[in-house]
Amino acid sequence: MQTDDRGGPFGRLDPAFVRTLRDLGCTAIVVGLPALLGLLLTDRAPAPVLTVLLALLAASACAAAALLIVTAGDARLAWIGWALACYGLVAVPTGLVGAIDFVPGPTVSGVVLLALTVGVGALAAATTSVPPPAGASVIAAAAVAAVLVALVVRLGVMFPMAVQAVTAFRPLVFVVAVALAGIGVLVASRARDRFGWMIGAGLATVGAAHVVMAAGQGVPLLGGGLIFSLLRTAGAVVIAVGAALLVWGAVRGLDDQRAEREEELRLAEIRLARAAERDHELRNGIAGLAGAADLLGTQQDPQSALLETVVVSELRRLDDLLRSPIDVPRRPGPAAYAVTPVLRGLAALRRTSGMDIDTDVAPDLRAIGSPSLLAQVITNLLANAARHAPGSPVLVRGLVREGTVIIEVSDSGPGLPPGAESEVFDRGVRANSGTGLGLGLHICRELLADQGGTISIGPADGRRPGCTVTVMLPAAPTTVASKVPDSVAVGRCIA
Amino acid sequence: MTLSPRTGRPVVVIDDHELFSTSLTFTLCARGIEAVALPLAGVWDVLPTLPIGDIGLVVLDLDLGEDADGNRINGADLVEGLRQRGWTVLVVTGSTDPTAIAAAIAAGAVGSVAKAGSLDELVRTVSAVLRGEQVMTEPERHEWLELHRRRAVQDHDLVTRLSRLSPREQEVLALLTEGMRASAIAMHFVVSMPTVRSQIRSILVKLQVNSQLEAVAMFHRFSGMSQNSVERV
């Protein structure tokens with residue numbers, strides 16, 4: 001364990017060993033406390049009351065543990081549950097009844113012995129892979145147990161001597177007790193978790209109590225009921241604590257299972273919603289394609305070539321949509337977008353407000369980044385042209401060369417004074433100060449740089465007046481660039 | 001080529017769906033209506049670039065995808081700004097959810113047309129708007145406003161509940177809505193699984209819902225809400 005270097009007294013020990021030590025300590029405390037309490041109390045409290053209380057406690061704890069373990073769904077635990085049920089629901093109450101001297105002693109001993117035998121049988125089954133009774137056979141088994149108990153009670157009443165002969169046969173009682181202790185040890189040693197271990201240890205303690213009782217008949221110290229009831233009580237308490245921990249763990253496990261099922265439900269619902277969204281988008285796309293096909297069929301116009309490129313890119317988009325996995329949310333990120341319509345749209349807008357503007361843009365320019373950033377930058381450049389070169393014709397050119405989309409906005413105005421080409425990009429210099437529209441060229445450059453683009457102003461050229469601003473963007477891969485002749489791009493209406 | 005008189009009021013189609021905007025401008029041009037397509041997704045900053053005055057008609061898509069930060073853009077939020085700059089706004093939508101339409105009408109859009117309908121119908125409506133005709137009856141408008149009012153009450157309730165969440169809980173809910181597993185969220189925030197489980201339980205309690213499904217639906221509705229209605233609350 002390299003990760004755990006906190007040091008401390010257990011720093012270098014195997015964590016599993018430390019855990020076992022801790023469990024042993026806890027068990028010692030759990031067993032020792034009631035034992036000590038019992039020793040102190042037996043002198044002061046009336047013994048029958050204490051016995052009844054402890055027996056009731058043990059019976060109810062055993063019953064609860066048995067119920068839980070039988071329903072836990074684990075074959076081994078279910079068998080232990082059956083054993084506990086025999087002990088807690090039959091043997092302990094019967095012993096109690098015997099203590100109040102209500103029925104003849106041999107009958108009580110007979111029922112207790114029967115319950116113990118069946119219980120030990122169930123514990124033995126727990127160490128094998130035999131499946132426990134489940135469903136309707138649980139009721140059947142309980143009915144058989146009830147009939148058996150009734151039978152023994154009846155036999156005990158009818159032939160008290162015979163039953164007494166069996167129950168007083170000390171070797172038999174001794175063997176049963178030793179078997180119980182042995183099975184307890186077996187269960188503890190095979191336990192997969194600390195709950196099983198505690199239940200096993202508790203069973204072994206109860207078995208040991210009976211062994212002491214059977215072996216110590218007549219011996220002064222061991223023969224008394226005190227050590228027997230102390231050991232038995234301690235064992236029952238350990239079993240009860242183990243079972244309580246098991247209950248807690250099971251409840252938490254159930255909670256986790258519920259959370260997991262709910263998660264699966266949520267994921268399924270999200271997947272469904274995404275699929276529905278995609279269906280919807282595909283339907284819209286197909287409706288659009290159908291409309292475009294109608295237009296292409298009826299119109300023989302040079303501009304239909306432009307529509308064709310859009311149709312092709314729409315088909316590509318729908319294809320991408322179908323190919324993308326539905327489990328992965330579509331993350332916003334650098335995406336390809338069409339540059340051409342943005343340039344044409346902005347130019348056309350300017351034209352409506354009176355600018356003499358023309359476009360010469362390749363029909364299927366696609367760049368990586370955000371179309372709205374490009375729109376901001378171009379808007380800014382057109383505003384600058386309108387301000388600094390009023391009335392001058394403006395030309396927006398767009399082409400792709402070696403993986404770069406090149407956009408030029410040029411006017412025939414006075415241009416920039418020589419040497420000022422880079423100054424205008426400095427921080428604080430706003431070419432369009434006064435109106436507050438658009439962005440400063442400095443910010444334009446920074447935003448473009450974020451998307452791998454550049455902006456520059458060419459040096460003044462004596463032969464050609466005006467100012468030419470060049471924006472370069474990373475081009476997106478395209479498949480239909482060469483299909484459409486450039487001439488259609490100069491359309492005046494769908495600019 | 002001019003079938004209808006040039007009004008000098010151009011039509012600007014703002015839609016991130018290139019095919020739709022191109023087809024529509026194509027058809028409008030064929031009918032002699034001057035049309036411009038702006039196939040933009042994140043159009044917030046383009047608003048100021050449109051000239052001011054009684055200029056023309058914007059055909060605005062209500063679902064404009066996501067902006068650079070991944071937030072969904074609700075076209076309804078643009079209607080008010082466009083109206084203020086003097087543009088008439090007609091909204092189109094491919095969605096079946098009427099909430100966004102109601103918000104757009106409340107913000108001053110003159111009408112709405114479903115994208116699923118035919119292009120001809122859309123062109124007829126655009127022509128009618130350009131001629132200055134009403135494309136929506138007064139009772140219809142009233143119904144939209146009433147729906148918007150009802151939705152505003154629901155939105156208010158939604159935002160109130162979501163505002164009870166701590167910032168971390170809001171992050172967790174956002175990741176749940178994206179379809180992330182609780183285990184992946186635990187790894188994402190470098191916390192233990194029980195921590196995430198208890199955060200999820202706390203989210204459900206604060207939102208007063210019984211399942212993750214309902215919580216996710218609430219957050220989904222919230223992220224689709226128009227910016228205006230979020231700020232109003």
# chains A, B, ... in the order shown; residues from 1 in each chain; ligands from 1
>>> select_by_dssp(residues="range 76-197 of chain B", states="strand (DSSP E)", output="PDB file with N, CA and C atoms, in the first residue's frame")
ATOM      1  N   THR B  88     -39.452  45.221 -38.340  1.00  0.00           N
ATOM      2  CA  THR B  88     -40.611  44.354 -38.111  1.00  0.00           C
ATOM      3  C   THR B  88     -40.083  42.923 -38.010  1.00  0.00           C
ATOM      4  N   VAL B  89     -40.639  42.133 -37.098  1.00  0.00           N
ATOM      5  CA  VAL B  89     -40.102  40.791 -36.893  1.00  0.00           C
ATOM      6  C   VAL B  89     -41.199  39.746 -37.105  1.00  0.00           C
ATOM      7  N   LEU B  90     -40.903  38.787 -37.983  1.00  0.00           N
ATOM      8  CA  LEU B  90     -41.757  37.619 -38.171  1.00  0.00           C
ATOM      9  C   LEU B  90     -40.929  36.414 -37.741  1.00  0.00           C
ATOM     10  N   VAL B  91     -41.460  35.591 -36.815  1.00  0.00           N
ATOM     11  CA  VAL B  91     -40.632  34.470 -36.351  1.00  0.00           C
ATOM     12  C   VAL B  91     -41.031  33.187 -37.074  1.00  0.00           C
ATOM     13  N   VAL B  92     -40.037  32.342 -37.298  1.00  0.00           N
ATOM     14  CA  VAL B  92     -40.287  30.996 -37.820  1.00  0.00           C
ATOM     15  C   VAL B  92     -39.698  30.014 -36.817  1.00  0.00           C
ATOM     16  N   THR B  93     -40.322  28.855 -36.717  1.00  0.00           N
ATOM     17  CA  THR B  93     -39.784  27.888 -35.775  1.00  0.00           C
ATOM     18  C   THR B  93     -39.955  26.473 -36.302  1.00  0.00           C
ATOM     19  N   GLY B 111     -45.982  37.946 -35.993  1.00  0.00           N
ATOM     20  CA  GLY B 111     -46.611  36.660 -36.234  1.00  0.00           C
ATOM     21  C   GLY B 111     -45.588  35.555 -36.240  1.00  0.00           C
ATOM     22  N   SER B 112     -46.070  34.322 -36.407  1.00  0.00           N
ATOM     23  CA  SER B 112     -45.133  33.201 -36.453  1.00  0.00           C
ATOM     24  C   SER B 112     -45.576  32.232 -37.541  1.00  0.00           C
ATOM     25  N   VAL B 113     -44.592  31.595 -38.160  1.00  0.00           N
ATOM     26  CA  VAL B 113     -44.871  30.606 -39.200  1.00  0.00           C
ATOM     27  C   VAL B 113     -44.072  29.360 -38.868  1.00  0.00           C
ATOM     28  N   ALA B 114     -44.713  28.189 -39.049  1.00  0.00           N
ATOM     29  CA  ALA B 114     -44.005  26.932 -38.774  1.00  0.00           C
ATOM     30  C   ALA B 114     -43.091  26.602 -39.940  1.00  0.00           C
TER      31      ALA B 114
END
>>> residues_around(residues="Val135 in chain B", least_positions_apart="3", cutoff="8 Å", atoms="only C-alpha atoms", output="list in words")
Val110, Gly111, Thr125, Ala128 and Val129 of chain B
>>> residues_around(residues="His188 in chain B", least_positions_apart="4", cutoff="10 Å", atoms="only C-alpha atoms", output="list in words")
Val172, Leu175, Met180, Ala182, Ser183 and Ala184 of chain B
>>> closest_residue(among="A:Leu447, A:Val405, A:Met355, A:Leu295", to="chain B", atoms="only C-alpha atoms")
A:Leu295
>>> residues_around(residues="range 139-152 of chain A", least_positions_apart="6", cutoff="9 Å", atoms="only C-alpha atoms", output="PyMOL selection string")
chain A and resi 86+90+107+110-111+114-115+118+133+163
>>> residues_around(residues="Leu38 in chain B", least_positions_apart="2", cutoff="8 Å", atoms="only C-alpha atoms", output="JSON, numbers by chain")
{"A": [341, 342, 345, 346], "B": [12, 13, 14, 15, 16, 21, 36, 40]}
>>> write_last_selection(atoms="N, CA and C atoms", output="PDB file, in the first residue's frame")
ATOM      1  N   PRO A 341     -22.243  32.958 -47.318  1.00  0.00           N
ATOM      2  CA  PRO A 341     -23.498  33.676 -47.077  1.00  0.00           C
ATOM      3  C   PRO A 341     -23.362  34.794 -46.058  1.00  0.00           C
ATOM      4  N   VAL A 342     -22.445  34.657 -45.114  1.00  0.00           N
ATOM      5  CA  VAL A 342     -22.250  35.724 -44.131  1.00  0.00           C
ATOM      6  C   VAL A 342     -21.749  36.984 -44.843  1.00  0.00           C
ATOM      7  N   GLY A 345     -24.504  38.339 -47.137  1.00  0.00           N
ATOM      8  CA  GLY A 345     -25.607  38.913 -46.364  1.00  0.00           C
ATOM      9  C   GLY A 345     -25.247  40.282 -45.830  1.00  0.00           C
ATOM     10  N   LEU A 346     -24.054  40.395 -45.262  1.00  0.00           N
ATOM     11  CA  LEU A 346     -23.649  41.681 -44.684  1.00  0.00           C
ATOM     12  C   LEU A 346     -23.502  42.741 -45.775  1.00  0.00           C
TER      13      LEU A 346
ATOM     14  N   VAL B  12     -34.598  40.464 -44.171  1.00  0.00           N
ATOM     15  CA  VAL B  12     -33.374  39.831 -43.685  1.00  0.00           C
ATOM     16  C   VAL B  12     -33.766  38.519 -43.005  1.00  0.00           C
ATOM     17  N   VAL B  13     -33.208  37.426 -43.497  1.00  0.00           N
ATOM     18  CA  VAL B  13     -33.518  36.118 -42.916  1.00  0.00           C
ATOM     19  C   VAL B  13     -32.386  35.732 -41.969  1.00  0.00           C
ATOM     20  N   ILE B  14     -32.681  35.710 -40.665  1.00  0.00           N
ATOM     21  CA  ILE B  14     -31.656  35.326 -39.686  1.00  0.00           C
ATOM     22  C   ILE B  14     -31.945  33.909 -39.229  1.00  0.00           C
ATOM     23  N   ASP B  15     -31.120  32.989 -39.682  1.00  0.00           N
ATOM     24  CA  ASP B  15     -31.344  31.574 -39.380  1.00  0.00           C
ATOM     25  C   ASP B  15     -30.019  30.853 -39.550  1.00  0.00           C
ATOM     26  N   ASP B  16     -29.634  30.060 -38.549  1.00  0.00           N
ATOM     27  CA  ASP B  16     -28.364  29.352 -38.676  1.00  0.00           C
ATOM     28  C   ASP B  16     -28.476  28.180 -39.635  1.00  0.00           C
ATOM     29  N   SER B  21     -32.432  29.396 -44.993  1.00  0.00           N
ATOM     30  CA  SER B  21     -32.296  30.819 -45.300  1.00  0.00           C
ATOM     31  C   SER B  21     -32.033  31.026 -46.786  1.00  0.00           C
ATOM     32  N   VAL B  36     -32.128  39.115 -47.976  1.00  0.00           N
ATOM     33  CA  VAL B  36     -30.753  38.891 -47.560  1.00  0.00           C
ATOM     34  C   VAL B  36     -30.758  37.776 -46.527  1.00  0.00           C
ATOM     35  N   LEU B  40     -26.553  32.856 -39.342  1.00  0.00           N
ATOM     36  CA  LEU B  40     -25.682  32.978 -38.185  1.00  0.00           C
ATOM     37  C   LEU B  40     -26.219  32.169 -37.025  1.00  0.00           C
TER      38      LEU B  40
END
>>> select_by_dssp(residues="range 5-233 of chain B", states="helix (DSSP H, G or I)", output="PyMOL selection string")
chain B and resi 18-30+44-49+76-84+98-106+119-130+138-162+167-178+182-189+193-207+212-223+227-232
>>> residues_around(residues="Ala347 in chain A", least_positions_apart="5", cutoff="8 Å", atoms="only C-alpha atoms", output="PyMOL selection string")
chain A and resi 357-359+396+495
>>> atom_distance(atom1="CA of Ala179 in chain A", atom2="CA of Gly249 in chain A")
29.3 Å
>>> atom_distance(atom1="CA of Val310 in chain A", atom2="CA of Arg283 in chain A")
17.1 Å
